[in-house]
>>> print(open('my_file.txt').read())   # compact mmCIF, C-alpha atoms and all ligand atoms
# COMPACT_ATOMS: atom_id res chain seq x y z
CA MET A 1321 -11.44 2.57 0.97
CA ASN A 1322 -8.36 1.29 2.79
CA ILE A 1323 -5.54 3.33 4.30
CA PHE A 1324 -3.29 2.82 1.27
CA GLU A 1325 -5.87 4.22 -1.15
CA ALA A 1326 -6.57 7.11 1.22
CA LEU A 1327 -2.90 8.07 1.56
CA ARG A 1328 -2.34 7.81 -2.17
CA ILE A 1329 -4.87 10.57 -2.91
CA SER A 1330 -2.73 13.15 -1.15
CA HIS A 1331 0.46 11.62 -2.58
CA ASP A 1332 -0.86 12.27 -6.09
CA THR A 1333 -1.76 15.86 -5.13
CA GLN A 1334 1.73 16.41 -3.72
CA ARG A 1335 3.41 15.11 -6.86
CA ALA A 1336 1.20 17.23 -9.12
CA LEU A 1337 1.74 20.44 -7.13
CA ALA A 1338 5.51 19.91 -6.83
CA THR A 1339 5.85 19.32 -10.56
CA GLN A 1340 3.67 22.32 -11.46
CA ILE A 1341 5.88 24.56 -9.31
CA LEU A 1342 8.93 23.60 -11.41
CA GLN A 1343 7.24 25.26 -14.38
CA THR A 1344 6.58 28.60 -12.61
CA GLN A 1345 8.70 31.74 -12.82
CA GLY A 1346 10.07 34.12 -10.16
CA ASP A 1347 7.88 35.69 -7.51
CA SER A 1348 4.71 35.16 -9.57
CA PRO A 1349 1.18 34.81 -8.15
CA GLU A 1350 1.11 31.32 -9.65
CA ARG A 1351 4.27 30.21 -7.84
CA ASN A 1352 3.07 31.76 -4.57
CA ARG A 1353 -0.30 30.05 -4.80
CA LEU A 1354 1.05 26.61 -5.73
CA TYR A 1355 3.79 26.74 -3.11
CA ARG A 1356 1.30 27.71 -0.40
CA GLU A 1357 -0.94 24.82 -1.50
CA LEU A 1358 1.94 22.35 -1.47
CA LYS A 1359 3.17 23.41 1.98
CA HIS A 1360 -0.30 23.03 3.43
CA GLU A 1361 -0.85 19.69 1.69
CA LEU A 1362 2.49 18.32 2.92
CA ALA A 1363 1.91 19.48 6.49
CA ALA A 1364 -1.69 18.21 6.77
CA HIS A 1365 -0.80 14.90 5.19
CA ALA A 1366 2.31 14.28 7.31
CA ALA A 1367 0.49 15.07 10.57
CA ALA A 1368 -2.51 12.84 9.81
CA GLU A 1369 -0.29 10.10 8.37
CA GLU A 1370 2.00 10.02 11.41
CA ARG A 1371 -0.97 9.69 13.73
CA TRP A 1372 -3.05 7.17 11.75
CA PHE A 1373 -0.46 5.19 9.81
CA TYR A 1374 3.02 5.41 11.33
CA SER A 1375 1.89 5.31 14.93
CA PRO A 1376 0.14 1.90 14.60
CA LEU A 1377 3.07 0.62 12.52
CA ILE A 1378 5.54 1.53 15.26
CA ASP A 1379 3.74 -0.98 17.48
CA HIS A 1380 5.05 -3.80 15.30
CA ASP A 1381 8.75 -4.72 15.37
CA GLU A 1382 8.68 -5.59 11.65
CA SER A 1383 7.61 -2.11 10.58
CA MET A 1384 9.20 0.03 13.29
CA ALA A 1385 12.46 0.92 11.53
CA GLN A 1386 10.79 1.86 8.24
CA SER A 1387 8.21 3.97 10.07
CA ARG A 1388 10.85 5.88 11.96
CA HIS A 1389 12.67 6.44 8.69
CA GLY A 1390 9.48 7.74 7.05
CA MET A 1391 8.87 10.20 9.87
CA ALA A 1392 12.49 11.36 9.75
CA GLU A 1393 11.93 12.16 6.08
CA HIS A 1394 8.91 14.27 7.03
CA HIS A 1395 11.27 16.33 9.18
CA GLU A 1396 13.78 16.63 6.35
CA MET A 1397 11.00 17.97 4.13
CA ASP A 1398 9.95 20.42 6.87
CA LYS A 1399 13.53 21.66 7.01
CA LEU A 1400 13.65 22.22 3.23
CA VAL A 1401 10.33 24.09 3.41
CA ASP A 1402 11.69 26.23 6.27
CA GLU A 1403 14.76 27.10 4.20
CA LEU A 1404 12.65 27.91 1.13
CA ASN A 1405 10.42 30.15 3.25
CA SER A 1406 13.40 32.29 4.17
CA MET A 1407 14.64 32.63 0.57
CA GLU A 1408 13.60 35.21 -2.00
CA MET A 1409 11.19 33.54 -4.40
CA SER A 1410 12.49 35.71 -7.23
CA SER A 1411 16.10 34.56 -6.74
CA SER A 1412 17.55 31.87 -8.98
CA GLY A 1413 18.53 29.98 -5.82
CA TRP A 1414 14.90 29.49 -4.85
CA LEU A 1415 14.09 27.17 -7.74
CA ALA A 1416 17.39 25.33 -7.31
CA HIS A 1417 16.51 24.74 -3.67
CA PHE A 1418 12.94 23.84 -4.53
CA LYS A 1419 14.28 21.09 -6.81
CA LYS A 1420 15.75 19.44 -3.68
CA LEU A 1421 12.29 19.44 -2.09
CA HIS A 1422 10.73 18.10 -5.31
CA HIS A 1423 13.28 15.28 -5.34
CA LYS A 1424 12.74 14.53 -1.64
CA VAL A 1425 8.95 14.44 -2.01
CA TYR A 1426 9.14 12.01 -4.94
CA HIS A 1427 11.70 9.82 -3.18
CA HIS A 1428 9.69 9.75 0.06
CA LEU A 1429 6.41 8.86 -1.66
CA GLU A 1430 8.13 6.13 -3.65
CA ASP A 1431 9.56 4.69 -0.42
CA GLU A 1432 6.15 4.76 1.23
CA GLU A 1433 4.19 3.33 -1.66
CA HIS A 1434 6.60 0.48 -2.18
CA ALA A 1435 8.53 -0.52 0.93
CA ILE A 1436 6.26 0.79 3.68
CA PHE A 1437 2.87 -0.05 2.16
CA GLN A 1438 4.08 -3.59 1.60
CA LEU A 1439 5.18 -4.03 5.20
CA ALA A 1440 2.00 -2.41 6.48
CA GLY A 1441 -0.03 -4.75 4.30
CA LYS A 1442 1.40 -7.63 6.30
CA VAL A 1443 1.16 -6.30 9.85
CA LEU A 1444 -2.22 -4.52 9.79
CA THR A 1445 -5.50 -6.43 9.79
CA GLU A 1446 -8.12 -5.78 7.08
CA LYS A 1447 -10.32 -4.04 9.67
CA GLN A 1448 -7.45 -1.81 10.74
CA LYS A 1449 -6.80 -0.87 7.12
CA THR A 1450 -10.33 0.44 6.68
CA ASP A 1451 -10.65 1.95 10.19
CA LEU A 1452 -7.35 3.81 9.79
CA ALA A 1453 -8.48 5.15 6.42
CA LYS A 1454 -11.56 6.75 8.04
CA SER A 1455 -9.59 8.28 10.90
CA TYR A 1456 -6.84 9.51 8.61
CA GLU A 1457 -9.29 11.09 6.17
CA GLU A 1458 -11.24 12.87 8.88
CA GLU A 1459 -8.09 14.29 10.41
CA PHE A 1460 -6.51 15.17 7.07
CA VAL A 1461 -9.59 17.14 6.01
CA ASN A 1462 -9.64 19.02 9.34
CA PHE A 1463 -5.97 19.91 9.05
CA ARG A 1464 -6.20 20.70 5.35
CA LEU A 1465 -9.13 23.07 5.72
CA GLY A 1466 -8.23 24.43 9.13
CA GLN A 1467 -5.89 27.13 10.35
CA MET A 1468 -4.29 24.96 13.00
CA PRO A 1469 -0.49 25.25 13.01
CA ILE A 1470 0.42 21.66 12.26
CA SER A 1471 4.00 22.02 11.18
CA SER A 1472 6.86 24.19 12.35
CA ALA A 1473 7.73 24.62 8.69
CA GLU A 1474 4.41 26.15 7.74
CA SER A 1475 4.23 29.91 7.57
FE FE A 1501 4.82 10.49 4.35
>>> encode(input="my_file.txt", output="structure tokens", more="lines below")
Ligand SMILES: [Fe+2]
Amino acid sequence: MNIFEALRISHDTQRALATQILQTQGDSPERNRLYRELKHELAAHAAAEERWFYSPLIDHDESMAQSRHGMAEHHEMDKLVDELNSMEMSSSGWLAHFKKLHHKVYHHLEDEEHAIFQLAGKVLTEKQKTDLAKSYEEEFVNFRLGQMPISSAES
């Protein structure tokens, strides 16, 4: 597996969870469960991805700007999650605000899978692509299953 395939697994999970949440109602157990899952997925993925994908890409001039942009978007998503955390899940505003996060997640993943993966494909060696996949996966699983606070937005 290479780093692109590894990252895409979580991307698909994020899209599925975000879309399922749009179909939930009020302060229901279903919405609570899915939202908790999505927050944890986003946080674990962003942390492992910044360390094992963006960090090596920052070393190359060609991919530096796009990498910084990608990480800035992680922060924007954290901010939306923070705001959602402080809102009443049963209020009509919650879903309206969640739609902004849904949109941001889809936009960000699209950006990564097209623009950033393409650039990374050029600057990383084949060995790096497989080595980074292993490191990313190990770290992602630790974060995903662990209790470690990995994002200021997670609560
Ligand atoms: Fe990302």
>>> residues_near_ligand(input="my_file.txt", ligand="ligand FE 1501 (chain A)", cutoff="9 Å", atoms="only C-alpha atoms and all ligand atoms", output="list of chain:residue names")
A:Leu1327, A:His1331, A:Leu1362, A:His1365, A:Ala1366, A:Ala1367, A:Glu1369, A:Glu1370, A:Tyr1374, A:Gly1390, A:Met1391, A:Glu1393, A:His1394, A:Val1425, A:His1428, A:Leu1429, A:Asp1431, A:Glu1432
>>> residues_around(input="my_file.txt", residues="Glu1430 in chain A", least_positions_apart="5", cutoff="12 Å", atoms="all atoms listed in the file", output="list of chain:residue names")
A:Arg1328, A:His1331, A:Asp1332, A:Arg1335, A:Gly1390, A:His1423, A:Lys1424, A:Val1425, A:Ala1435, A:Ile1436, A:Phe1437, A:Gln1438
>>> residues_around(input="my_file.txt", residues="Ser1410 in chain A", least_positions_apart="6", cutoff="9 Å", atoms="all atoms listed in the file", output="list in words")
Gln1345, Gly1346, Asp1347 and Ser1348 of chain A
>>> closest_residue(input="my_file.txt", among="A:Glu1458, A:Asp1402, A:Glu1382, A:Glu1325", to="His1417 in chain A", atoms="only C-alpha atoms")
A:Asp1402
>>> residues_around(input="my_file.txt", residues="Met1384 in chain A", least_positions_apart="3", cutoff="12 Å", atoms="all atoms listed in the file", output="list in words")
Phe1373, Tyr1374, Ser1375, Pro1376, Leu1377, Ile1378, Asp1379, His1380, Asp1381, Ser1387, Arg1388, His1389, Gly1390, Met1391, Ile1436, Leu1439, Ala1440 and Val1443 of chain A
>>> atom_distance(input="my_file.txt", atom1="CA of His1422 in chain A", atom2="CA of Lys1454 in chain A")
28.4 Å
>>> closest_residue(input="my_file.txt", among="A:Lys1399, A:Ser1411, A:Lys1442, A:Gln1340", to="Tyr1355 in chain A", atoms="all atoms listed in the file")
A:Gln1340
>>> closest_residue(input="my_file.txt", among="A:Leu1354, A:Ala1326, A:Ala1368, A:Ser1412", to="Asn1462 in chain A", atoms="all atoms listed in the file")
A:Ala1368
>>> closest_residue(input="my_file.txt", among="A:Glu1403, A:Glu1357, A:Glu1459, A:Glu1433", to="Ala1416 in chain A", atoms="only C-alpha atoms")
A:Glu1403
>>> atom_distance(input="my_file.txt", atom1="CA of Lys1359 in chain A", atom2="CA of Met1321 in chain A")
25.5 Å
>>> atom_distance(input="my_file.txt", atom1="CA of Leu1404 in chain A", atom2="CA of Asn1352 in chain A")
11.8 Å
>>> residues_around(input="my_file.txt", residues="Ile1323 in chain A", least_positions_apart="6", cutoff="10 Å", atoms="all atoms listed in the file", output="compact mmCIF listing (two decimals) with C-alpha atoms, keeping the file's coordinate frame")
# COMPACT_ATOMS: atom_id res chain seq x y z
CA GLU A 1369 -0.29 10.10 8.37
CA TRP A 1372 -3.05 7.17 11.75
CA PHE A 1373 -0.46 5.19 9.81
CA PHE A 1437 2.87 -0.05 2.16
CA ALA A 1440 2.00 -2.41 6.48
CA GLY A 1441 -0.03 -4.75 4.30
CA GLU A 1446 -8.12 -5.78 7.08
CA GLN A 1448 -7.45 -1.81 10.74
CA LYS A 1449 -6.80 -0.87 7.12
CA THR A 1450 -10.33 0.44 6.68
CA ASP A 1451 -10.65 1.95 10.19
CA LEU A 1452 -7.35 3.81 9.79
CA ALA A 1453 -8.48 5.15 6.42
CA LYS A 1454 -11.56 6.75 8.04
CA SER A 1455 -9.59 8.28 10.90
CA TYR A 1456 -6.84 9.51 8.61
CA GLU A 1457 -9.29 11.09 6.17
>>> closest_residue(input="my_file.txt", among="A:Arg1464, A:His1427, A:His1434, A:Lys1419", to="Val1401 in chain A", atoms="only C-alpha atoms")
A:Lys1419
>>> build_atoms(input="my_file.txt", residues="range 1446-1461 of chain A", atoms="N, CA and C atoms", output="PDB file, in the frame of the given file")
ATOM      1  N   GLU A1446      -7.251  -6.416   8.093  1.00  0.00           N
ATOM      2  CA  GLU A1446      -8.120  -5.780   7.080  1.00  0.00           C
ATOM      3  C   GLU A1446      -8.997  -4.719   7.742  1.00  0.00           C
ATOM      4  N   LYS A1447      -9.470  -5.016   8.954  1.00  0.00           N
ATOM      5  CA  LYS A1447     -10.320  -4.040   9.670  1.00  0.00           C
ATOM      6  C   LYS A1447      -9.515  -2.784   9.995  1.00  0.00           C
ATOM      7  N   GLN A1448      -8.298  -2.979  10.445  1.00  0.00           N
ATOM      8  CA  GLN A1448      -7.450  -1.810  10.740  1.00  0.00           C
ATOM      9  C   GLN A1448      -7.246  -0.955   9.502  1.00  0.00           C
ATOM     10  N   LYS A1449      -7.059  -1.622   8.366  1.00  0.00           N
ATOM     11  CA  LYS A1449      -6.800  -0.870   7.120  1.00  0.00           C
ATOM     12  C   LYS A1449      -7.966   0.041   6.753  1.00  0.00           C
ATOM     13  N   THR A1450      -9.184  -0.415   7.011  1.00  0.00           N
ATOM     14  CA  THR A1450     -10.330   0.440   6.680  1.00  0.00           C
ATOM     15  C   THR A1450     -10.611   1.443   7.812  1.00  0.00           C
ATOM     16  N   ASP A1451     -10.436   1.018   9.066  1.00  0.00           N
ATOM     17  CA  ASP A1451     -10.650   1.950  10.190  1.00  0.00           C
ATOM     18  C   ASP A1451      -9.645   3.106  10.136  1.00  0.00           C
ATOM     19  N   LEU A1452      -8.387   2.765   9.852  1.00  0.00           N
ATOM     20  CA  LEU A1452      -7.350   3.810   9.790  1.00  0.00           C
ATOM     21  C   LEU A1452      -7.627   4.787   8.654  1.00  0.00           C
ATOM     22  N   ALA A1453      -8.163   4.268   7.554  1.00  0.00           N
ATOM     23  CA  ALA A1453      -8.480   5.150   6.420  1.00  0.00           C
ATOM     24  C   ALA A1453      -9.495   6.209   6.845  1.00  0.00           C
ATOM     25  N   LYS A1454     -10.511   5.793   7.593  1.00  0.00           N
ATOM     26  CA  LYS A1454     -11.560   6.750   8.040  1.00  0.00           C
ATOM     27  C   LYS A1454     -10.958   7.794   8.978  1.00  0.00           C
ATOM     28  N   SER A1455     -10.182   7.342   9.938  1.00  0.00           N
ATOM     29  CA  SER A1455      -9.590   8.280  10.900  1.00  0.00           C
ATOM     30  C   SER A1455      -8.618   9.229  10.211  1.00  0.00           C
ATOM     31  N   TYR A1456      -7.805   8.680   9.324  1.00  0.00           N
ATOM     32  CA  TYR A1456      -6.840   9.510   8.610  1.00  0.00           C
ATOM     33  C   TYR A1456      -7.565  10.577   7.781  1.00  0.00           C
ATOM     34  N   GLU A1457      -8.581  10.154   7.046  1.00  0.00           N
ATOM     35  CA  GLU A1457      -9.290  11.090   6.170  1.00  0.00           C
ATOM     36  C   GLU A1457      -9.938  12.224   6.942  1.00  0.00           C
ATOM     37  N   GLU A1458     -10.569  11.854   8.069  1.00  0.00           N
ATOM     38  CA  GLU A1458     -11.240  12.870   8.880  1.00  0.00           C
ATOM     39  C   GLU A1458     -10.209  13.896   9.374  1.00  0.00           C
ATOM     40  N   GLU A1459      -9.111  13.397   9.879  1.00  0.00           N
ATOM     41  CA  GLU A1459      -8.090  14.290  10.410  1.00  0.00           C
ATOM     42  C   GLU A1459      -7.423  15.099   9.298  1.00  0.00           C
ATOM     43  N   PHE A1460      -7.145  14.460   8.187  1.00  0.00           N
ATOM     44  CA  PHE A1460      -6.510  15.170   7.070  1.00  0.00           C
ATOM     45  C   PHE A1460      -7.389  16.332   6.610  1.00  0.00           C
ATOM     46  N   VAL A1461      -8.684  16.086   6.464  1.00  0.00           N
ATOM     47  CA  VAL A1461      -9.590  17.140   6.010  1.00  0.00           C
ATOM     48  C   VAL A1461      -9.621  18.293   7.019  1.00  0.00           C
TER      49      VAL A1461
END
